[in-house]
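**Q** Supplied structure: upload.cif, mmCIF, N, CA and C atoms.
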data_coords
#
loop_
_atom_site.label_atom_id
_atom_site.label_comp_id
_atom_site.auth_asym_id
_atom_site.auth_seq_id
_atom_site.Cartn_x
_atom_site.Cartn_y
_atom_site.Cartn_z
N MET A 1 -2.39 31.79 6.44
CA MET A 1 -2.52 32.13 5.04
C MET A 1 -2.28 30.92 4.15
N ALA A 2 -1.33 30.08 4.54
CA ALA A 2 -1.08 28.87 3.74
C ALA A 2 -2.31 27.97 3.73
N ARG A 3 -2.97 27.87 4.89
CA ARG A 3 -4.17 27.06 4.98
C ARG A 3 -5.30 27.69 4.16
N ALA A 4 -5.46 28.99 4.28
CA ALA A 4 -6.53 29.69 3.56
C ALA A 4 -6.32 29.61 2.04
N GLY A 5 -5.06 29.65 1.62
CA GLY A 5 -4.76 29.62 0.19
C GLY A 5 -4.47 28.24 -0.34
N HIS A 6 -4.74 27.23 0.45
CA HIS A 6 -4.36 25.86 0.06
C HIS A 6 -4.95 25.44 -1.29
N GLY A 7 -6.13 25.90 -1.64
CA GLY A 7 -6.72 25.56 -2.93
C GLY A 7 -6.11 26.31 -4.10
N LEU A 8 -5.37 27.37 -3.80
CA LEU A 8 -4.72 28.17 -4.85
C LEU A 8 -3.31 27.70 -5.15
N ILE A 9 -2.70 27.02 -4.19
CA ILE A 9 -1.27 26.69 -4.28
C ILE A 9 -1.09 25.23 -4.65
N HIS A 10 -0.27 25.01 -5.67
CA HIS A 10 0.07 23.66 -6.13
C HIS A 10 1.58 23.49 -6.02
N LEU A 11 2.07 22.28 -6.08
CA LEU A 11 3.52 22.05 -5.99
C LEU A 11 4.28 22.79 -7.09
N GLU A 12 3.64 22.98 -8.25
CA GLU A 12 4.29 23.65 -9.37
C GLU A 12 4.14 25.18 -9.30
N SER A 13 3.37 25.67 -8.34
CA SER A 13 3.15 27.11 -8.22
C SER A 13 4.43 27.83 -7.84
N ILE A 14 4.50 29.08 -8.25
CA ILE A 14 5.55 29.97 -7.78
C ILE A 14 4.89 30.99 -6.87
N ILE A 15 5.44 31.13 -5.69
CA ILE A 15 4.94 32.11 -4.74
C ILE A 15 5.91 33.27 -4.72
N THR A 16 5.38 34.45 -4.95
CA THR A 16 6.22 35.64 -4.98
C THR A 16 5.51 36.80 -4.29
N PRO A 17 6.28 37.66 -3.63
CA PRO A 17 5.65 38.79 -2.93
C PRO A 17 5.48 40.00 -3.84
N VAL A 18 4.55 40.86 -3.45
CA VAL A 18 4.46 42.18 -4.06
C VAL A 18 5.75 42.89 -3.65
N PRO A 19 6.44 43.50 -4.59
CA PRO A 19 7.75 44.08 -4.25
C PRO A 19 7.64 45.43 -3.55
N ALA A 20 8.63 45.70 -2.72
CA ALA A 20 8.79 47.02 -2.12
C ALA A 20 9.90 47.73 -2.90
N HIS A 21 9.83 49.03 -3.00
CA HIS A 21 10.89 49.79 -3.66
C HIS A 21 12.15 49.72 -2.81
N LYS A 22 13.32 49.75 -3.45
CA LYS A 22 14.58 49.60 -2.72
C LYS A 22 14.77 50.68 -1.65
N ARG A 23 14.24 51.87 -1.86
CA ARG A 23 14.34 52.92 -0.84
C ARG A 23 13.51 52.53 0.39
N ARG A 24 12.32 52.00 0.17
CA ARG A 24 11.47 51.56 1.27
C ARG A 24 12.12 50.38 2.01
N LEU A 25 12.75 49.48 1.24
CA LEU A 25 13.44 48.35 1.86
C LEU A 25 14.59 48.83 2.76
N ARG A 26 15.32 49.82 2.33
CA ARG A 26 16.41 50.36 3.15
C ARG A 26 15.87 50.96 4.44
N GLN A 27 14.72 51.64 4.34
CA GLN A 27 14.13 52.25 5.53
C GLN A 27 13.62 51.20 6.52
N ARG A 28 12.87 50.24 6.01
CA ARG A 28 12.25 49.23 6.88
C ARG A 28 13.17 48.08 7.23
N ARG A 29 14.06 47.76 6.32
CA ARG A 29 14.99 46.62 6.43
C ARG A 29 14.33 45.27 6.15
N TYR A 30 13.06 45.28 5.73
CA TYR A 30 12.38 44.04 5.37
C TYR A 30 11.15 44.37 4.52
N ASN A 31 10.68 43.37 3.80
CA ASN A 31 9.44 43.48 3.04
C ASN A 31 8.48 42.49 3.68
N GLN A 32 7.45 43.00 4.36
CA GLN A 32 6.55 42.12 5.08
C GLN A 32 5.85 41.12 4.16
N ALA A 33 5.56 41.51 2.93
CA ALA A 33 4.96 40.58 1.98
C ALA A 33 5.92 39.43 1.66
N ALA A 34 7.21 39.75 1.56
CA ALA A 34 8.21 38.71 1.28
C ALA A 34 8.32 37.73 2.45
N LEU A 35 8.27 38.24 3.68
CA LEU A 35 8.33 37.36 4.85
C LEU A 35 7.13 36.41 4.87
N LEU A 36 5.95 36.94 4.57
CA LEU A 36 4.75 36.10 4.52
C LEU A 36 4.87 35.06 3.40
N ALA A 37 5.29 35.50 2.22
CA ALA A 37 5.41 34.60 1.06
C ALA A 37 6.39 33.47 1.33
N GLN A 38 7.48 33.78 2.00
CA GLN A 38 8.49 32.76 2.30
C GLN A 38 7.92 31.66 3.20
N VAL A 39 7.19 32.04 4.22
CA VAL A 39 6.60 31.05 5.13
C VAL A 39 5.51 30.25 4.42
N ILE A 40 4.70 30.92 3.63
CA ILE A 40 3.64 30.23 2.88
C ILE A 40 4.25 29.19 1.94
N ALA A 41 5.30 29.57 1.24
CA ALA A 41 5.96 28.63 0.32
C ALA A 41 6.52 27.43 1.07
N ARG A 42 7.15 27.69 2.20
CA ARG A 42 7.73 26.60 2.98
C ARG A 42 6.63 25.65 3.48
N LYS A 43 5.54 26.19 3.96
CA LYS A 43 4.46 25.35 4.50
C LYS A 43 3.72 24.59 3.40
N SER A 44 3.72 25.11 2.18
CA SER A 44 2.99 24.46 1.09
C SER A 44 3.89 23.70 0.14
N ALA A 45 5.19 23.74 0.37
CA ALA A 45 6.19 23.06 -0.48
C ALA A 45 6.18 23.58 -1.92
N ALA A 46 5.76 24.83 -2.11
CA ALA A 46 5.78 25.44 -3.45
C ALA A 46 7.09 26.21 -3.62
N HIS A 47 7.35 26.64 -4.82
CA HIS A 47 8.58 27.39 -5.12
C HIS A 47 8.44 28.83 -4.65
N TYR A 48 9.43 29.31 -3.93
CA TYR A 48 9.45 30.70 -3.46
C TYR A 48 10.46 31.47 -4.30
N VAL A 49 9.98 32.52 -4.94
CA VAL A 49 10.86 33.38 -5.75
C VAL A 49 10.66 34.81 -5.25
N PRO A 50 11.56 35.28 -4.38
CA PRO A 50 11.37 36.57 -3.74
C PRO A 50 11.57 37.78 -4.64
N ASP A 51 12.29 37.58 -5.74
CA ASP A 51 12.66 38.74 -6.57
C ASP A 51 12.14 38.67 -7.99
N MET A 52 10.99 38.05 -8.18
CA MET A 52 10.42 37.94 -9.52
C MET A 52 9.98 39.31 -10.05
N LEU A 53 9.43 40.12 -9.17
CA LEU A 53 8.94 41.45 -9.55
C LEU A 53 9.82 42.52 -8.94
N GLU A 54 9.82 43.69 -9.56
CA GLU A 54 10.53 44.83 -8.98
C GLU A 54 9.72 46.10 -9.18
N ARG A 55 9.86 47.00 -8.22
CA ARG A 55 9.28 48.33 -8.37
C ARG A 55 10.32 49.15 -9.10
N THR A 56 9.94 49.65 -10.25
CA THR A 56 10.90 50.38 -11.08
C THR A 56 11.03 51.84 -10.66
N ARG A 57 10.08 52.30 -9.87
CA ARG A 57 10.17 53.67 -9.36
C ARG A 57 9.46 53.73 -8.01
N ALA A 58 9.92 54.66 -7.21
CA ALA A 58 9.27 54.86 -5.91
C ALA A 58 7.93 55.52 -6.16
N THR A 59 6.94 55.10 -5.43
CA THR A 59 5.61 55.71 -5.54
C THR A 59 5.33 56.45 -4.24
N THR A 60 4.45 57.42 -4.31
CA THR A 60 4.09 58.15 -3.11
C THR A 60 3.20 57.27 -2.24
N ARG A 61 3.09 57.61 -0.99
CA ARG A 61 2.18 56.88 -0.11
C ARG A 61 0.77 57.03 -0.66
N LEU A 62 0.05 55.94 -0.70
CA LEU A 62 -1.24 55.94 -1.38
C LEU A 62 -2.42 56.28 -0.48
N SER A 63 -2.18 56.43 0.82
CA SER A 63 -3.29 56.76 1.71
C SER A 63 -3.86 58.12 1.32
N GLY A 64 -5.16 58.21 1.32
CA GLY A 64 -5.83 59.44 0.91
C GLY A 64 -6.13 59.52 -0.58
N PHE A 65 -5.56 58.61 -1.36
CA PHE A 65 -5.82 58.58 -2.80
C PHE A 65 -7.11 57.81 -3.06
N SER A 66 -7.82 58.19 -4.11
CA SER A 66 -8.99 57.42 -4.54
C SER A 66 -8.51 56.14 -5.23
N ARG A 67 -9.44 55.26 -5.48
CA ARG A 67 -9.13 54.02 -6.20
C ARG A 67 -8.44 54.32 -7.54
N ARG A 68 -9.00 55.25 -8.28
CA ARG A 68 -8.44 55.60 -9.59
C ARG A 68 -7.05 56.23 -9.45
N GLU A 69 -6.89 57.12 -8.49
CA GLU A 69 -5.58 57.77 -8.27
C GLU A 69 -4.52 56.76 -7.86
N ARG A 70 -4.90 55.78 -7.06
CA ARG A 70 -3.96 54.74 -6.65
C ARG A 70 -3.49 53.94 -7.86
N TYR A 71 -4.44 53.59 -8.71
CA TYR A 71 -4.07 52.81 -9.90
C TYR A 71 -3.15 53.63 -10.81
N GLU A 72 -3.48 54.89 -11.02
CA GLU A 72 -2.64 55.75 -11.87
C GLU A 72 -1.24 55.90 -11.30
N GLU A 73 -1.14 56.01 -9.98
CA GLU A 73 0.17 56.14 -9.34
C GLU A 73 0.99 54.86 -9.49
N MET A 74 0.33 53.71 -9.46
CA MET A 74 1.03 52.43 -9.54
C MET A 74 1.31 51.97 -10.97
N LYS A 75 0.53 52.50 -11.92
CA LYS A 75 0.66 52.05 -13.31
C LYS A 75 2.12 52.12 -13.76
N GLU A 76 2.62 51.02 -14.28
CA GLU A 76 3.98 50.89 -14.80
C GLU A 76 5.07 51.03 -13.75
N ALA A 77 4.70 50.94 -12.46
CA ALA A 77 5.71 51.03 -11.40
C ALA A 77 6.25 49.65 -11.00
N ILE A 78 5.60 48.60 -11.49
CA ILE A 78 6.04 47.23 -11.16
C ILE A 78 6.22 46.45 -12.45
N GLN A 79 7.32 45.71 -12.52
CA GLN A 79 7.56 44.89 -13.71
C GLN A 79 8.24 43.58 -13.31
N VAL A 80 8.19 42.62 -14.22
CA VAL A 80 8.91 41.37 -14.03
C VAL A 80 10.37 41.65 -14.31
N ARG A 81 11.24 41.19 -13.44
CA ARG A 81 12.68 41.39 -13.66
C ARG A 81 13.08 40.64 -14.93
N PRO A 82 13.89 41.27 -15.77
CA PRO A 82 14.25 40.65 -17.06
C PRO A 82 14.80 39.23 -16.93
N HIS A 83 15.61 38.95 -15.92
CA HIS A 83 16.18 37.60 -15.79
C HIS A 83 15.16 36.57 -15.32
N MET A 84 13.93 37.01 -14.99
CA MET A 84 12.88 36.09 -14.54
C MET A 84 11.85 35.78 -15.62
N LEU A 85 11.97 36.39 -16.78
CA LEU A 85 10.95 36.23 -17.82
C LEU A 85 10.71 34.77 -18.19
N ARG A 86 11.76 33.99 -18.35
CA ARG A 86 11.58 32.58 -18.71
C ARG A 86 10.92 31.79 -17.58
N ARG A 87 11.17 32.20 -16.35
CA ARG A 87 10.58 31.49 -15.21
C ARG A 87 9.09 31.75 -15.07
N VAL A 88 8.64 32.89 -15.55
CA VAL A 88 7.22 33.26 -15.46
C VAL A 88 6.38 32.52 -16.49
N ALA A 89 6.92 32.34 -17.68
CA ALA A 89 6.16 31.80 -18.81
C ALA A 89 5.48 30.48 -18.49
N GLY A 90 4.16 30.48 -18.65
CA GLY A 90 3.36 29.27 -18.48
C GLY A 90 3.14 28.83 -17.05
N ARG A 91 3.57 29.61 -16.09
CA ARG A 91 3.49 29.20 -14.68
C ARG A 91 2.28 29.77 -13.96
N HIS A 92 1.88 29.06 -12.93
CA HIS A 92 0.82 29.52 -12.02
C HIS A 92 1.52 30.29 -10.91
N ILE A 93 1.20 31.57 -10.77
CA ILE A 93 1.86 32.44 -9.79
C ILE A 93 0.87 32.77 -8.68
N VAL A 94 1.34 32.66 -7.44
CA VAL A 94 0.57 33.10 -6.29
C VAL A 94 1.28 34.34 -5.76
N LEU A 95 0.61 35.45 -5.89
CA LEU A 95 1.14 36.75 -5.48
C LEU A 95 0.72 36.98 -4.03
N VAL A 96 1.66 37.36 -3.17
CA VAL A 96 1.37 37.54 -1.75
C VAL A 96 1.57 39.00 -1.37
N ASP A 97 0.61 39.54 -0.64
CA ASP A 97 0.73 40.89 -0.11
C ASP A 97 0.20 40.89 1.32
N ASP A 98 0.64 41.87 2.09
CA ASP A 98 0.20 41.93 3.48
C ASP A 98 -1.16 42.61 3.59
N LEU A 99 -1.38 43.69 2.85
CA LEU A 99 -2.62 44.45 2.94
C LEU A 99 -3.21 44.71 1.55
N LEU A 100 -4.53 44.71 1.48
CA LEU A 100 -5.22 45.05 0.24
C LEU A 100 -6.22 46.14 0.56
N THR A 101 -6.05 47.29 -0.08
CA THR A 101 -6.99 48.38 0.13
C THR A 101 -7.87 48.50 -1.10
N THR A 102 -7.33 48.98 -2.21
CA THR A 102 -8.11 49.09 -3.44
C THR A 102 -7.74 48.01 -4.45
N GLY A 103 -6.60 47.38 -4.25
CA GLY A 103 -6.14 46.37 -5.19
C GLY A 103 -5.27 46.92 -6.30
N ALA A 104 -4.92 48.19 -6.25
CA ALA A 104 -4.11 48.80 -7.32
C ALA A 104 -2.74 48.14 -7.44
N THR A 105 -2.05 47.97 -6.33
CA THR A 105 -0.72 47.35 -6.37
C THR A 105 -0.82 45.91 -6.86
N ALA A 106 -1.76 45.17 -6.34
CA ALA A 106 -1.94 43.78 -6.76
C ALA A 106 -2.32 43.70 -8.23
N SER A 107 -3.18 44.60 -8.69
CA SER A 107 -3.60 44.59 -10.10
C SER A 107 -2.42 44.84 -11.03
N VAL A 108 -1.62 45.82 -10.69
CA VAL A 108 -0.46 46.16 -11.53
C VAL A 108 0.54 45.00 -11.51
N SER A 109 0.73 44.38 -10.36
CA SER A 109 1.65 43.24 -10.25
C SER A 109 1.15 42.06 -11.08
N ALA A 110 -0.12 41.74 -10.94
CA ALA A 110 -0.70 40.63 -11.71
C ALA A 110 -0.66 40.91 -13.20
N GLN A 111 -0.94 42.14 -13.58
CA GLN A 111 -0.89 42.51 -14.99
C GLN A 111 0.51 42.32 -15.56
N ALA A 112 1.53 42.71 -14.82
CA ALA A 112 2.91 42.52 -15.29
C ALA A 112 3.23 41.04 -15.49
N LEU A 113 2.78 40.21 -14.56
CA LEU A 113 3.02 38.77 -14.68
C LEU A 113 2.28 38.17 -15.87
N LEU A 114 1.02 38.52 -16.03
CA LEU A 114 0.23 37.98 -17.14
C LEU A 114 0.74 38.46 -18.49
N GLU A 115 1.13 39.72 -18.58
CA GLU A 115 1.67 40.25 -19.83
C GLU A 115 2.98 39.58 -20.22
N ASN A 116 3.65 38.99 -19.24
CA ASN A 116 4.92 38.32 -19.51
C ASN A 116 4.79 36.80 -19.52
N GLY A 117 3.56 36.31 -19.72
CA GLY A 117 3.35 34.90 -20.00
C GLY A 117 2.91 34.01 -18.87
N ALA A 118 2.64 34.55 -17.69
CA ALA A 118 2.13 33.69 -16.61
C ALA A 118 0.82 33.06 -17.06
N ALA A 119 0.64 31.78 -16.75
CA ALA A 119 -0.60 31.09 -17.10
C ALA A 119 -1.76 31.62 -16.28
N SER A 120 -1.49 31.93 -15.01
CA SER A 120 -2.52 32.47 -14.12
C SER A 120 -1.84 33.15 -12.94
N VAL A 121 -2.59 34.04 -12.32
CA VAL A 121 -2.10 34.73 -11.12
C VAL A 121 -3.24 34.75 -10.10
N CYS A 122 -2.94 34.29 -8.90
CA CYS A 122 -3.88 34.37 -7.78
C CYS A 122 -3.26 35.28 -6.73
N LEU A 123 -4.10 35.91 -5.96
CA LEU A 123 -3.64 36.82 -4.92
C LEU A 123 -4.00 36.26 -3.55
N LEU A 124 -3.03 36.28 -2.65
CA LEU A 124 -3.24 35.86 -1.28
C LEU A 124 -2.81 37.03 -0.39
N VAL A 125 -3.75 37.57 0.39
CA VAL A 125 -3.44 38.73 1.24
C VAL A 125 -3.77 38.40 2.70
N ALA A 126 -3.02 39.06 3.59
CA ALA A 126 -3.23 38.84 5.02
C ALA A 126 -4.44 39.59 5.54
N ALA A 127 -4.69 40.80 5.01
CA ALA A 127 -5.79 41.61 5.54
C ALA A 127 -6.35 42.54 4.48
N LEU A 128 -7.64 42.80 4.59
CA LEU A 128 -8.30 43.80 3.75
C LEU A 128 -8.44 45.07 4.57
N VAL A 129 -8.12 46.20 3.97
CA VAL A 129 -8.22 47.49 4.65
C VAL A 129 -9.31 48.29 3.98
N PRO A 130 -10.37 48.63 4.71
CA PRO A 130 -11.44 49.43 4.08
C PRO A 130 -10.93 50.83 3.77
N MET A 131 -11.39 51.36 2.66
CA MET A 131 -11.03 52.73 2.28
C MET A 131 -11.62 53.68 3.31
N GLN A 132 -10.83 54.62 3.75
CA GLN A 132 -11.28 55.64 4.68
C GLN A 132 -11.80 56.83 3.90
N LYS A 133 -12.94 57.36 4.29
CA LYS A 133 -13.43 58.58 3.67
C LYS A 133 -12.62 59.74 4.22
N GLU A 134 -12.38 60.71 3.36
CA GLU A 134 -11.67 61.91 3.80
C GLU A 134 -12.50 62.63 4.84
N ILE A 135 -11.87 63.12 5.89
CA ILE A 135 -12.57 63.90 6.90
C ILE A 135 -12.39 65.38 6.57
N ASP A 136 -13.48 66.08 6.44
CA ASP A 136 -13.45 67.51 6.22
C ASP A 136 -13.22 68.16 7.58
N LEU A 137 -12.04 68.73 7.76
CA LEU A 137 -11.66 69.29 9.06
C LEU A 137 -12.51 70.49 9.46
N ASP A 138 -13.22 71.10 8.50
CA ASP A 138 -14.10 72.22 8.82
C ASP A 138 -15.51 71.75 9.18
N SER A 139 -15.75 70.47 9.04
CA SER A 139 -17.06 69.90 9.32
C SER A 139 -17.28 69.80 10.83
N PRO A 140 -18.51 70.01 11.30
CA PRO A 140 -18.79 69.85 12.73
C PRO A 140 -18.56 68.41 13.19
N ILE A 141 -18.66 67.45 12.28
CA ILE A 141 -18.45 66.05 12.64
C ILE A 141 -16.98 65.82 12.97
N ALA A 142 -16.06 66.55 12.30
CA ALA A 142 -14.64 66.37 12.52
C ALA A 142 -14.26 66.66 13.98
N GLU A 143 -14.99 67.53 14.63
CA GLU A 143 -14.68 67.86 16.02
C GLU A 143 -14.93 66.69 16.95
N THR A 144 -15.85 65.81 16.58
CA THR A 144 -16.17 64.66 17.42
C THR A 144 -15.41 63.42 17.01
N ALA A 145 -14.79 63.47 15.84
CA ALA A 145 -14.10 62.28 15.32
C ALA A 145 -12.80 62.01 16.07
#
Would you encode the structure as structure tokens?
**A**
Amino acid sequence: MARAGHGLIHLESIITPVPAHKRRLRQRRYNQAALLAQVIARKSAAHYVPDMLERTRATTRLSGFSRRERYEEMKEAIQVRPHMLRRVAGRHIVLVDDLLTTGATASVSAQALLENGAASVCLLVAALVPMQKEIDLDSPIAETA
């Protein structure tokens, strides 16, 4: 990822992960986006700030949601931590996430950074996940799926 994002990352860049809600962190004991962001920052010699963003509320699992429903669920769920506001202003931020499905989480995260003065926000993700169509369990196709 550091190699793939090399054109996005500068020495003055801040690398920060998409945040996990504290309840999710307690369950998993780690934030995979934060682990990726930390290694990327180390390999690129950029600034790593693991706690720039926070999830202000737990969101439901987004699988099965449409693109619009995902965005509505994420809207206002991520914000820049108040003590980080001065650090965001005028900076180039590289946002790191492990998976990108519809981009709702990344969009809300980038929007929070830009609204709080970031000069620019780029996204670096490990994998793209195609949206799955809902399977109608009463459909004859569902029996073969």
**Q** For the structure provided, state which residues fall under the PyMOL selection byres ((chain A and resi 48) around 6), and present them as a ChimeraX atom specification.
**A** /A:14-16,41,46-47,49-50
**Q** Provide the CA of Gly7 in chain A to atom N of Ala127 in chain A distance in Å, to one decimal place.
**A**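 For CA of Gly7 in chain A relative to atom N of Ala127 in chain A, the distance reads 17.3 Å.
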**Q** Please compute the CA of Val96 in chain A-CA of Pro82 in chain A distance, one decimal, in Å.
**A**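 Separation of CA of Val96 in chain A and CA of Pro82 in chain A: 20.2 Å.
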**Q** For range 30-44 of chain A, take all atoms listed in the file, fit an axis-aligned box around them, add 5 Å to each of the six sides, then output centre and edge lengths in Å rounded to one decimal, as JSON.
**A**
{"center_x": 8.0, "center_y": 34.5, "center_z": 2.9, "size_x": 20.1, "size_y": 31.6, "size_z": 15.6}
**Q** Write out as number ranges by chain all residues of range 8-138 of chain A that backbone DSSP assigns to strand (DSSP E or B).
**A** A: 14-17, 47-48, 53-55, 78-80, 92-100, 120-128
**Q** Go through A:Ile40, A:Ile9, A:Leu128, A:Met52 one by one, measure the shortest atom-to-atom distance of each to Asp98 in chain A using only C-alpha atoms, and give the residue with the smallest value.
**A** A:Leu128
**Q** Any chance you could resolve the PyMOL selection byres ((chain A and resi 89-93) around 6.5) against this file and give the residues as a short mmCIF file (atom, residue, chain, number, x, y, z; two decimals) with N, CA and C atoms, in the frame of the given file?
**A**
data_model
loop_
_atom_site.label_atom_id
_atom_site.label_comp_id
_atom_site.auth_asym_id
_atom_site.auth_seq_id
_atom_site.Cartn_x
_atom_site.Cartn_y
_atom_site.Cartn_z
N GLU A 12 3.64 22.98 -8.25
CA GLU A 12 4.29 23.65 -9.37
C GLU A 12 4.14 25.18 -9.30
N SER A 13 3.37 25.67 -8.34
CA SER A 13 3.15 27.11 -8.22
C SER A 13 4.43 27.83 -7.84
N ILE A 14 4.50 29.08 -8.25
CA ILE A 14 5.55 29.97 -7.78
C ILE A 14 4.89 30.99 -6.87
N ILE A 15 5.44 31.13 -5.69
CA ILE A 15 4.94 32.11 -4.74
C ILE A 15 5.91 33.27 -4.72
N THR A 16 5.38 34.45 -4.95
CA THR A 16 6.22 35.64 -4.98
C THR A 16 5.51 36.80 -4.29
N MET A 84 13.93 37.01 -14.99
CA MET A 84 12.88 36.09 -14.54
C MET A 84 11.85 35.78 -15.62
N LEU A 85 11.97 36.39 -16.78
CA LEU A 85 10.95 36.23 -17.82
C LEU A 85 10.71 34.77 -18.19
N ARG A 86 11.76 33.99 -18.35
CA ARG A 86 11.58 32.58 -18.71
C ARG A 86 10.92 31.79 -17.58
N ARG A 87 11.17 32.20 -16.35
CA ARG A 87 10.58 31.49 -15.21
C ARG A 87 9.09 31.75 -15.07
N VAL A 88 8.64 32.89 -15.55
CA VAL A 88 7.22 33.26 -15.46
C VAL A 88 6.38 32.52 -16.49
N VAL A 94 1.34 32.66 -7.44
CA VAL A 94 0.57 33.10 -6.29
C VAL A 94 1.28 34.34 -5.76
N LEU A 95 0.61 35.45 -5.89
CA LEU A 95 1.14 36.75 -5.48
C LEU A 95 0.72 36.98 -4.03
N ASN A 116 3.65 38.99 -19.24
CA ASN A 116 4.92 38.32 -19.51
C ASN A 116 4.79 36.80 -19.52
N GLY A 117 3.56 36.31 -19.72
CA GLY A 117 3.35 34.90 -20.00
C GLY A 117 2.91 34.01 -18.87
N ALA A 118 2.64 34.55 -17.69
CA ALA A 118 2.13 33.69 -16.61
C ALA A 118 0.82 33.06 -17.06
N ALA A 119 0.64 31.78 -16.75
CA ALA A 119 -0.60 31.09 -17.10
C ALA A 119 -1.76 31.62 -16.28
N SER A 120 -1.49 31.93 -15.01
CA SER A 120 -2.52 32.47 -14.12
C SER A 120 -1.84 33.15 -12.94
N VAL A 121 -2.59 34.04 -12.32
CA VAL A 121 -2.10 34.73 -11.12
C VAL A 121 -3.24 34.75 -10.10
N CYS A 122 -2.94 34.29 -8.90
CA CYS A 122 -3.88 34.37 -7.78
C CYS A 122 -3.26 35.28 -6.73
N LEU A 123 -4.10 35.91 -5.96
CA LEU A 123 -3.64 36.82 -4.92
C LEU A 123 -4.00 36.26 -3.55
#
**Q** Take atom C of Asn31 in chain A and atom C of Thr101 in chain A and report the distance between them in Å, one decimal.
**A**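 Taking atom C of Asn31 in chain A as the start and atom C of Thr101 in chain A as the end point, the length is 18.1 Å.
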**Q** Could you tell me which residues the PyMOL selection byres ((chain A and resi 33) around 8) returns for this structure, as a PyMOL selection string?
**A** chain A and resi 16-20+30-32+34-39+96-99
**Q** Given all atoms listed in the file as the basis, pick out the residue of A:Leu113, A:Ser44, A:Pro130, A:Val125 nearest to Ile78 in chain A.
**A** A:Leu113
**Q** Quick one: of A:Ala126, A:Leu53, A:Ala2, A:Leu8, who's nearest to Val80 in chain A, counting all atoms listed in the file?
**A**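 Selected residue with least distance to Val80 in chain A: A:Leu53.
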**Q** Which one of A:Lys75, A:Arg42, A:Lys22, A:Arg28 sits closest to Glu54 in chain A if you count only C-alpha atoms?
**A**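 Closest candidate: A:Lys22.
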**Q** Between A:Glu115, A:Ala45, A:Ala106, A:Leu100, which is the closest to Val129 in chain A once you count all atoms listed in the file?
**A** A:Leu100
